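Pasting model_22.pdb here (PDB, C-alpha atoms, pLDDT in the B column):
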```pdb
MODEL        1
ATOM      1  CA  MET G   1       0.000   0.000   0.000  1.00 53.00           C
ATOM      2  CA  ASN G   2       1.358   3.397  -0.964  1.00 58.00           C
ATOM      3  CA  LEU G   3       1.222   5.666   2.077  1.00 53.00           C
ATOM      4  CA  LEU G   4       2.403   8.741   0.199  1.00 53.00           C
ATOM      5  CA  PRO G   5      -1.089  10.149  -0.635  1.00 54.00           C
ATOM      6  CA  ILE G   6      -2.140   9.657   2.996  1.00 57.00           C
ATOM      7  CA  LEU G   7       1.025  11.431   4.194  1.00 48.00           C
ATOM      8  CA  ILE G   8       0.447  14.360   1.849  1.00 52.00           C
ATOM      9  CA  SER G   9      -3.213  14.658   2.912  1.00 54.00           C
ATOM     10  CA  ALA G  10      -2.197  14.603   6.572  1.00 52.00           C
ATOM     11  CA  ILE G  11       0.314  17.370   6.004  1.00 52.00           C
ATOM     12  CA  ILE G  12      -2.191  19.513   4.136  1.00 51.00           C
ATOM     13  CA  LEU G  13      -4.848  18.976   6.830  1.00 51.00           C
ATOM     14  CA  THR G  14      -2.354  19.638   9.613  1.00 51.00           C
ATOM     15  CA  PHE G  15      -1.024  22.828   8.072  1.00 50.00           C
ATOM     16  CA  PRO G  16      -3.914  24.434   6.200  1.00 51.00           C
ATOM     17  CA  ILE G  17      -3.339  27.668   4.348  1.00 49.00           C
ATOM     18  CA  PRO G  18      -5.098  30.481   6.266  1.00 50.00           C
ATOM     19  CA  SER G  19      -7.712  32.249   4.161  1.00 48.00           C
ATOM     20  CA  GLU G  20      -6.457  35.698   5.141  1.00 49.00           C
ATOM     21  CA  VAL G  21      -2.947  35.045   3.738  1.00 43.00           C
ATOM     22  CA  PRO G  22      -2.761  35.387  -0.037  1.00 46.00           C
ATOM     23  CA  VAL G  23      -1.100  32.520  -1.882  1.00 45.00           C
ATOM     24  CA  ILE G  24       1.309  33.885  -4.443  1.00 48.00           C
ATOM     25  CA  GLY G  25       1.155  31.716  -7.531  1.00 49.00           C
ATOM     26  CA  GLY G  26      -2.127  30.095  -6.554  1.00 52.00           C
ATOM     27  CA  LYS G  27      -2.602  26.370  -7.036  1.00 53.00           C
ATOM     28  CA  GLN G  28       0.803  25.889  -8.648  1.00 55.00           C
ATOM     29  CA  VAL G  29       2.587  26.833  -5.401  1.00 51.00           C
ATOM     30  CA  ILE G  30       0.515  24.269  -3.526  1.00 55.00           C
ATOM     31  CA  LYS G  31       1.200  21.624  -6.191  1.00 57.00           C
ATOM     32  CA  ASP G  32       4.939  22.387  -6.015  1.00 58.00           C
ATOM     33  CA  ALA G  33       4.881  22.105  -2.219  1.00 54.00           C
ATOM     34  CA  ILE G  34       3.104  18.749  -2.440  1.00 55.00           C
ATOM     35  CA  ALA G  35       5.604  17.559  -5.047  1.00 55.00           C
ATOM     36  CA  ASN G  36       8.500  18.559  -2.762  1.00 53.00           C
ATOM     37  CA  VAL G  37       6.970  16.627   0.141  1.00 49.00           C
ATOM     38  CA  ALA G  38       6.443  13.611  -2.109  1.00 48.00           C
ATOM     39  CA  GLU G  39      10.041  13.775  -3.352  1.00 50.00           C
ATOM     40  CA  ALA G  40      11.402  13.991   0.185  1.00 46.00           C
ATOM     41  CA  ALA G  41       9.268  11.034   1.261  1.00 44.00           C
ATOM     42  CA  THR G  42      10.576   8.846  -1.564  1.00 42.00           C
ATOM     43  CA  ALA G  43      14.218  10.013  -1.524  1.00 40.00           C
ATOM     44  CA  PRO G  44      16.714   7.235  -0.831  1.00 40.00           C
ATOM     45  CA  LYS G  45      17.815   6.983   2.757  1.00 49.00           C
ATOM     46  CA  ALA G  46      21.375   7.934   3.638  1.00 54.00           C
ATOM     47  CA  GLU G  47      23.851   5.102   3.728  1.00 61.00           C
ATOM     48  CA  GLU G  48      24.024   3.536   7.145  1.00 74.00           C
ATOM     49  CA  THR G  49      26.974   2.022   8.928  1.00 72.00           C
ATOM     50  CA  VAL G  50      26.889  -1.765   8.935  1.00 85.00           C
ATOM     51  CA  LYS G  51      30.094  -2.222  10.877  1.00 92.00           C
ATOM     52  CA  THR G  52      33.429  -0.668  11.625  1.00 95.00           C
ATOM     53  CA  ARG G  53      36.570  -2.751  11.455  1.00 95.00           C
ATOM     54  CA  LYS G  54      40.240  -2.045  12.002  1.00 97.00           C
ATOM     55  CA  MET G  55      42.172  -2.633   8.785  1.00 97.00           C
ATOM     56  CA  TRP G  56      45.608  -1.861   7.439  1.00 97.00           C
ATOM     57  CA  VAL G  57      45.124   1.066   5.049  1.00 97.00           C
ATOM     58  CA  THR G  58      47.591   1.493   2.191  1.00 96.00           C
ATOM     59  CA  ALA G  59      47.498   3.067  -1.262  1.00 95.00           C
ATOM     60  CA  TYR G  60      48.556   2.094  -4.773  1.00 92.00           C
ATOM     61  CA  SER G  61      48.907   3.686  -8.182  1.00 91.00           C
ATOM     62  CA  SER G  62      48.738   2.266 -11.678  1.00 86.00           C
ATOM     63  CA  THR G  63      52.381   1.263 -12.010  1.00 80.00           C
ATOM     64  CA  PRO G  64      53.388  -2.248 -13.129  1.00 72.00           C
ATOM     65  CA  ASP G  65      55.295  -2.994  -9.913  1.00 74.00           C
ATOM     66  CA  GLN G  66      52.158  -2.233  -7.831  1.00 70.00           C
ATOM     67  CA  THR G  67      49.610  -4.042 -10.020  1.00 70.00           C
ATOM     68  CA  ASP G  68      49.308  -6.952 -12.418  1.00 69.00           C
ATOM     69  CA  ASP G  69      49.805  -6.666 -16.184  1.00 72.00           C
ATOM     70  CA  THR G  70      46.676  -4.486 -16.566  1.00 74.00           C
ATOM     71  CA  PRO G  71      47.488  -1.530 -14.290  1.00 75.00           C
ATOM     72  CA  PHE G  72      44.549   0.629 -15.418  1.00 82.00           C
ATOM     73  CA  GLN G  73      41.856  -2.044 -15.086  1.00 85.00           C
ATOM     74  CA  THR G  74      40.378  -3.237 -11.799  1.00 87.00           C
ATOM     75  CA  ALA G  75      39.624  -6.844 -10.909  1.00 86.00           C
ATOM     76  CA  ASN G  76      35.964  -5.906 -11.317  1.00 87.00           C
ATOM     77  CA  GLY G  77      36.601  -4.925 -14.959  1.00 88.00           C
ATOM     78  CA  THR G  78      36.281  -1.152 -14.566  1.00 91.00           C
ATOM     79  CA  GLU G  79      38.921   1.446 -15.325  1.00 92.00           C
ATOM     80  CA  VAL G  80      40.756   2.841 -12.297  1.00 91.00           C
ATOM     81  CA  HIS G  81      39.431   6.165 -11.023  1.00 94.00           C
ATOM     82  CA  ASP G  82      39.214   8.264  -7.884  1.00 95.00           C
ATOM     83  CA  GLY G  83      37.077   6.642  -5.207  1.00 96.00           C
ATOM     84  CA  ILE G  84      37.954   2.979  -5.666  1.00 96.00           C
ATOM     85  CA  VAL G  85      39.639   0.651  -3.231  1.00 97.00           C
ATOM     86  CA  ALA G  86      41.033  -2.848  -3.379  1.00 95.00           C
ATOM     87  CA  THR G  87      40.461  -5.412  -0.653  1.00 96.00           C
ATOM     88  CA  ASN G  88      39.967  -9.150  -0.337  1.00 95.00           C
ATOM     89  CA  MET G  89      37.829  -8.773   2.789  1.00 94.00           C
ATOM     90  CA  LEU G  90      34.656  -7.283   1.264  1.00 95.00           C
ATOM     91  CA  PRO G  91      32.493  -8.032  -1.797  1.00 95.00           C
ATOM     92  CA  PHE G  92      32.682  -5.912  -4.942  1.00 96.00           C
ATOM     93  CA  HIS G  93      30.505  -2.754  -4.856  1.00 95.00           C
ATOM     94  CA  THR G  94      30.694  -2.503  -1.059  1.00 96.00           C
ATOM     95  CA  LYS G  95      30.803   1.138   0.038  1.00 96.00           C
ATOM     96  CA  VAL G  96      33.309   2.151   2.716  1.00 97.00           C
ATOM     97  CA  MET G  97      34.608   5.270   4.418  1.00 97.00           C
ATOM     98  CA  ILE G  98      37.986   5.880   6.029  1.00 97.00           C
ATOM     99  CA  PRO G  99      37.133   8.881   8.233  1.00 96.00           C
ATOM    100  CA  ARG G 100      40.564   9.443   9.785  1.00 95.00           C
ATOM    101  CA  LEU G 101      42.146  10.059   6.366  1.00 95.00           C
ATOM    102  CA  PHE G 102      39.244  11.125   4.143  1.00 95.00           C
ATOM    103  CA  GLY G 103      36.359  12.322   6.335  1.00 95.00           C
ATOM    104  CA  ASN G 104      32.979  11.447   4.784  1.00 95.00           C
ATOM    105  CA  LYS G 105      34.321  10.473   1.350  1.00 96.00           C
ATOM    106  CA  VAL G 106      32.763   7.198   0.204  1.00 97.00           C
ATOM    107  CA  PHE G 107      34.871   4.618  -1.625  1.00 98.00           C
ATOM    108  CA  THR G 108      33.707   1.566  -3.577  1.00 97.00           C
ATOM    109  CA  VAL G 109      35.380  -1.840  -3.577  1.00 96.00           C
ATOM    110  CA  GLU G 110      36.226  -2.541  -7.223  1.00 96.00           C
ATOM    111  CA  ASP G 111      39.656  -4.162  -7.028  1.00 94.00           C
ATOM    112  CA  ARG G 112      41.469  -6.984  -5.266  1.00 94.00           C
ATOM    113  CA  MET G 113      44.868  -7.349  -3.656  1.00 91.00           C
ATOM    114  CA  HIS G 114      47.375 -10.182  -3.654  1.00 89.00           C
ATOM    115  CA  PRO G 115      45.785 -13.175  -1.863  1.00 91.00           C
ATOM    116  CA  ARG G 116      48.391 -13.012   0.927  1.00 92.00           C
ATOM    117  CA  LYS G 117      47.028  -9.595   1.970  1.00 92.00           C
ATOM    118  CA  LYS G 118      44.569 -10.202   4.788  1.00 91.00           C
ATOM    119  CA  ASN G 119      42.748  -7.384   6.562  1.00 95.00           C
ATOM    120  CA  PHE G 120      44.139  -4.744   4.169  1.00 97.00           C
ATOM    121  CA  ILE G 121      42.387  -2.071   2.134  1.00 97.00           C
ATOM    122  CA  ASP G 122      44.300  -0.345  -0.660  1.00 96.00           C
ATOM    123  CA  ILE G 123      43.180   3.055  -1.983  1.00 96.00           C
ATOM    124  CA  TRP G 124      43.826   3.855  -5.653  1.00 95.00           C
ATOM    125  CA  VAL G 125      45.635   7.165  -6.154  1.00 95.00           C
ATOM    126  CA  PRO G 126      46.960   8.658  -9.408  1.00 93.00           C
ATOM    127  CA  THR G 127      50.679   8.784  -8.505  1.00 92.00           C
ATOM    128  CA  ARG G 128      53.281   6.787  -6.642  1.00 91.00           C
ATOM    129  CA  GLU G 129      54.050   9.897  -4.580  1.00 93.00           C
ATOM    130  CA  ALA G 130      50.453  10.136  -3.398  1.00 94.00           C
ATOM    131  CA  ALA G 131      50.568   6.452  -2.421  1.00 92.00           C
ATOM    132  CA  MET G 132      53.777   7.007  -0.478  1.00 93.00           C
ATOM    133  CA  ASP G 133      52.203   9.984   1.311  1.00 95.00           C
ATOM    134  CA  ILE G 134      49.386   7.759   2.608  1.00 94.00           C
ATOM    135  CA  GLY G 135      51.852   5.134   3.796  1.00 94.00           C
ATOM    136  CA  ILE G 136      50.511   2.325   5.963  1.00 95.00           C
ATOM    137  CA  ASN G 137      48.161   2.877   8.889  1.00 95.00           C
ATOM    138  CA  GLN G 138      45.920   0.642  10.949  1.00 97.00           C
ATOM    139  CA  LEU G 139      42.646   2.574  10.964  1.00 97.00           C
ATOM    140  CA  ASP G 140      38.919   2.151  11.407  1.00 96.00           C
ATOM    141  CA  VAL G 141      37.183   1.446   8.099  1.00 97.00           C
ATOM    142  CA  VAL G 142      33.437   2.078   8.137  1.00 96.00           C
ATOM    143  CA  VAL G 143      31.520  -0.433   6.013  1.00 96.00           C
ATOM    144  CA  LEU G 144      28.245   0.978   4.658  1.00 95.00           C
ATOM    145  CA  ASN G 145      25.195  -0.880   3.415  1.00 78.00           C
TER     146      ASN G 145
ENDMDL
END
```
Structure rendered as structure tokens:
Amino acid sequence: MNLLPILISAIILTFPIPSEVPVIGGKQVIKDAIANVAEAATAPKAEETVKTRKMWVTAYSSTPDQTDDTPFQTANGTEVHDGIVATNMLPFHTKVMIPRLFGNKVFTVEDRMHPRKKNFIDIWVPTREAAMDIGINQLDVVVLN
């Protein structure tokens, strides 16, 4: 059952437009307000934390000594780009955040690491220097749903 029409009716009944206040734009303003309420009611919910786990955080760039023989292609088949990470601990397309280094930036798991790497997450960066700047840190990684 779609509760949206009931919600909109409840809002309109709860907050009626007083007759002594002119409505600029007439019915269109009311329609726009209803549309905004409907859009807000159906907007996707913000990503929620599923769990937080301590992981070794490193970084890599697309150089042959840091990747396999296809340095610009991820294990998931996409081209490398800002916002991807490699890990063997989470499924492809999992969203994660690393707040200590990147605040609220959301990364997506699209690549894998060497099988010997357990409990690691590797952030793709465009240059070797940027990877070296990140170094290696054991940090909280927030896994989102």
Can you list, as a PDB file with C-alpha atoms, in the coordinates of the input, every protein, DNA or RNA residue that comes within 12 Å of Gln73 (chain G) when you count all atoms listed in the file, leaving out same-chain residues fewer than 3 positions away?
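Result file follows (selection-v7.pdb):
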```pdb
ATOM      1  CA  SER G  61      48.907   3.686  -8.182  1.00 91.00           C
ATOM      2  CA  SER G  62      48.738   2.266 -11.678  1.00 86.00           C
ATOM      3  CA  THR G  63      52.381   1.263 -12.010  1.00 80.00           C
ATOM      4  CA  PRO G  64      53.388  -2.248 -13.129  1.00 72.00           C
ATOM      5  CA  THR G  67      49.610  -4.042 -10.020  1.00 70.00           C
ATOM      6  CA  ASP G  68      49.308  -6.952 -12.418  1.00 69.00           C
ATOM      7  CA  ASP G  69      49.805  -6.666 -16.184  1.00 72.00           C
ATOM      8  CA  THR G  70      46.676  -4.486 -16.566  1.00 74.00           C
ATOM      9  CA  ASN G  76      35.964  -5.906 -11.317  1.00 87.00           C
ATOM     10  CA  GLY G  77      36.601  -4.925 -14.959  1.00 88.00           C
ATOM     11  CA  THR G  78      36.281  -1.152 -14.566  1.00 91.00           C
ATOM     12  CA  GLU G  79      38.921   1.446 -15.325  1.00 92.00           C
ATOM     13  CA  VAL G  80      40.756   2.841 -12.297  1.00 91.00           C
ATOM     14  CA  HIS G  81      39.431   6.165 -11.023  1.00 94.00           C
ATOM     15  CA  ILE G  84      37.954   2.979  -5.666  1.00 96.00           C
ATOM     16  CA  ALA G  86      41.033  -2.848  -3.379  1.00 95.00           C
ATOM     17  CA  GLU G 110      36.226  -2.541  -7.223  1.00 96.00           C
ATOM     18  CA  ASP G 111      39.656  -4.162  -7.028  1.00 94.00           C
ATOM     19  CA  ARG G 112      41.469  -6.984  -5.266  1.00 94.00           C
ATOM     20  CA  TRP G 124      43.826   3.855  -5.653  1.00 95.00           C
TER      21      TRP G 124
END
```
May I have the residues within 9 Å of Lys51 (chain G) as a ChimeraX atom specification, using all atoms listed in the file and disregarding those fewer than 3 positions away in the same chain?
/G:141-144
Taking the file as shown, find all residues satisfying the PyMOL selection byres ((chain G and resi 96-108) around 12) and write them as a short mmCIF file (atom, residue, chain, number, x, y, z; two decimals) with C-alpha atoms, in the coordinates of the input.
```
data_model
loop_
_atom_site.label_atom_id
_atom_site.label_comp_id
_atom_site.auth_asym_id
_atom_site.auth_seq_id
_atom_site.Cartn_x
_atom_site.Cartn_y
_atom_site.Cartn_z
CA ALA G 46 21.38 7.93 3.64
CA GLU G 47 23.85 5.10 3.73
CA GLU G 48 24.02 3.54 7.14
CA THR G 49 26.97 2.02 8.93
CA VAL G 50 26.89 -1.76 8.94
CA LYS G 51 30.09 -2.22 10.88
CA THR G 52 33.43 -0.67 11.62
CA ARG G 53 36.57 -2.75 11.46
CA LYS G 54 40.24 -2.04 12.00
CA MET G 55 42.17 -2.63 8.78
CA TRP G 56 45.61 -1.86 7.44
CA VAL G 57 45.12 1.07 5.05
CA THR G 58 47.59 1.49 2.19
CA ALA G 59 47.50 3.07 -1.26
CA THR G 74 40.38 -3.24 -11.80
CA ASN G 76 35.96 -5.91 -11.32
CA THR G 78 36.28 -1.15 -14.57
CA VAL G 80 40.76 2.84 -12.30
CA HIS G 81 39.43 6.16 -11.02
CA ASP G 82 39.21 8.26 -7.88
CA GLY G 83 37.08 6.64 -5.21
CA ILE G 84 37.95 2.98 -5.67
CA VAL G 85 39.64 0.65 -3.23
CA ALA G 86 41.03 -2.85 -3.38
CA THR G 87 40.46 -5.41 -0.65
CA MET G 89 37.83 -8.77 2.79
CA LEU G 90 34.66 -7.28 1.26
CA PRO G 91 32.49 -8.03 -1.80
CA PHE G 92 32.68 -5.91 -4.94
CA HIS G 93 30.50 -2.75 -4.86
CA THR G 94 30.69 -2.50 -1.06
CA LYS G 95 30.80 1.14 0.04
CA VAL G 109 35.38 -1.84 -3.58
CA GLU G 110 36.23 -2.54 -7.22
CA ASP G 111 39.66 -4.16 -7.03
CA ARG G 112 41.47 -6.98 -5.27
CA ILE G 121 42.39 -2.07 2.13
CA ASP G 122 44.30 -0.34 -0.66
CA ILE G 123 43.18 3.06 -1.98
CA TRP G 124 43.83 3.86 -5.65
CA VAL G 125 45.64 7.16 -6.15
CA ASP G 133 52.20 9.98 1.31
CA ILE G 134 49.39 7.76 2.61
CA GLY G 135 51.85 5.13 3.80
CA ILE G 136 50.51 2.33 5.96
CA ASN G 137 48.16 2.88 8.89
CA GLN G 138 45.92 0.64 10.95
CA LEU G 139 42.65 2.57 10.96
CA ASP G 140 38.92 2.15 11.41
CA VAL G 141 37.18 1.45 8.10
CA VAL G 142 33.44 2.08 8.14
CA VAL G 143 31.52 -0.43 6.01
CA LEU G 144 28.24 0.98 4.66
CA ASN G 145 25.20 -0.88 3.42
#
```
Mind pulling up the distance from CA of Arg116 (chain G) to CA of Arg128 (chain G)?
21.8 Å
Box dimensions and centre (Å, one decimal) enclosing region 90-94 of chain G, axis-aligned, 6 Å extra per side, as lines of an AutoDock Vina configuration file:
```
center_x = 32.6
center_y = -5.3
center_z = -1.8
size_x = 16.2
size_y = 17.5
size_z = 18.2
```
What is the distance, in Å and to one decimal place, between CA of Pro126 (chain G) and CA of Ala75 (chain G)?
17.2 Å
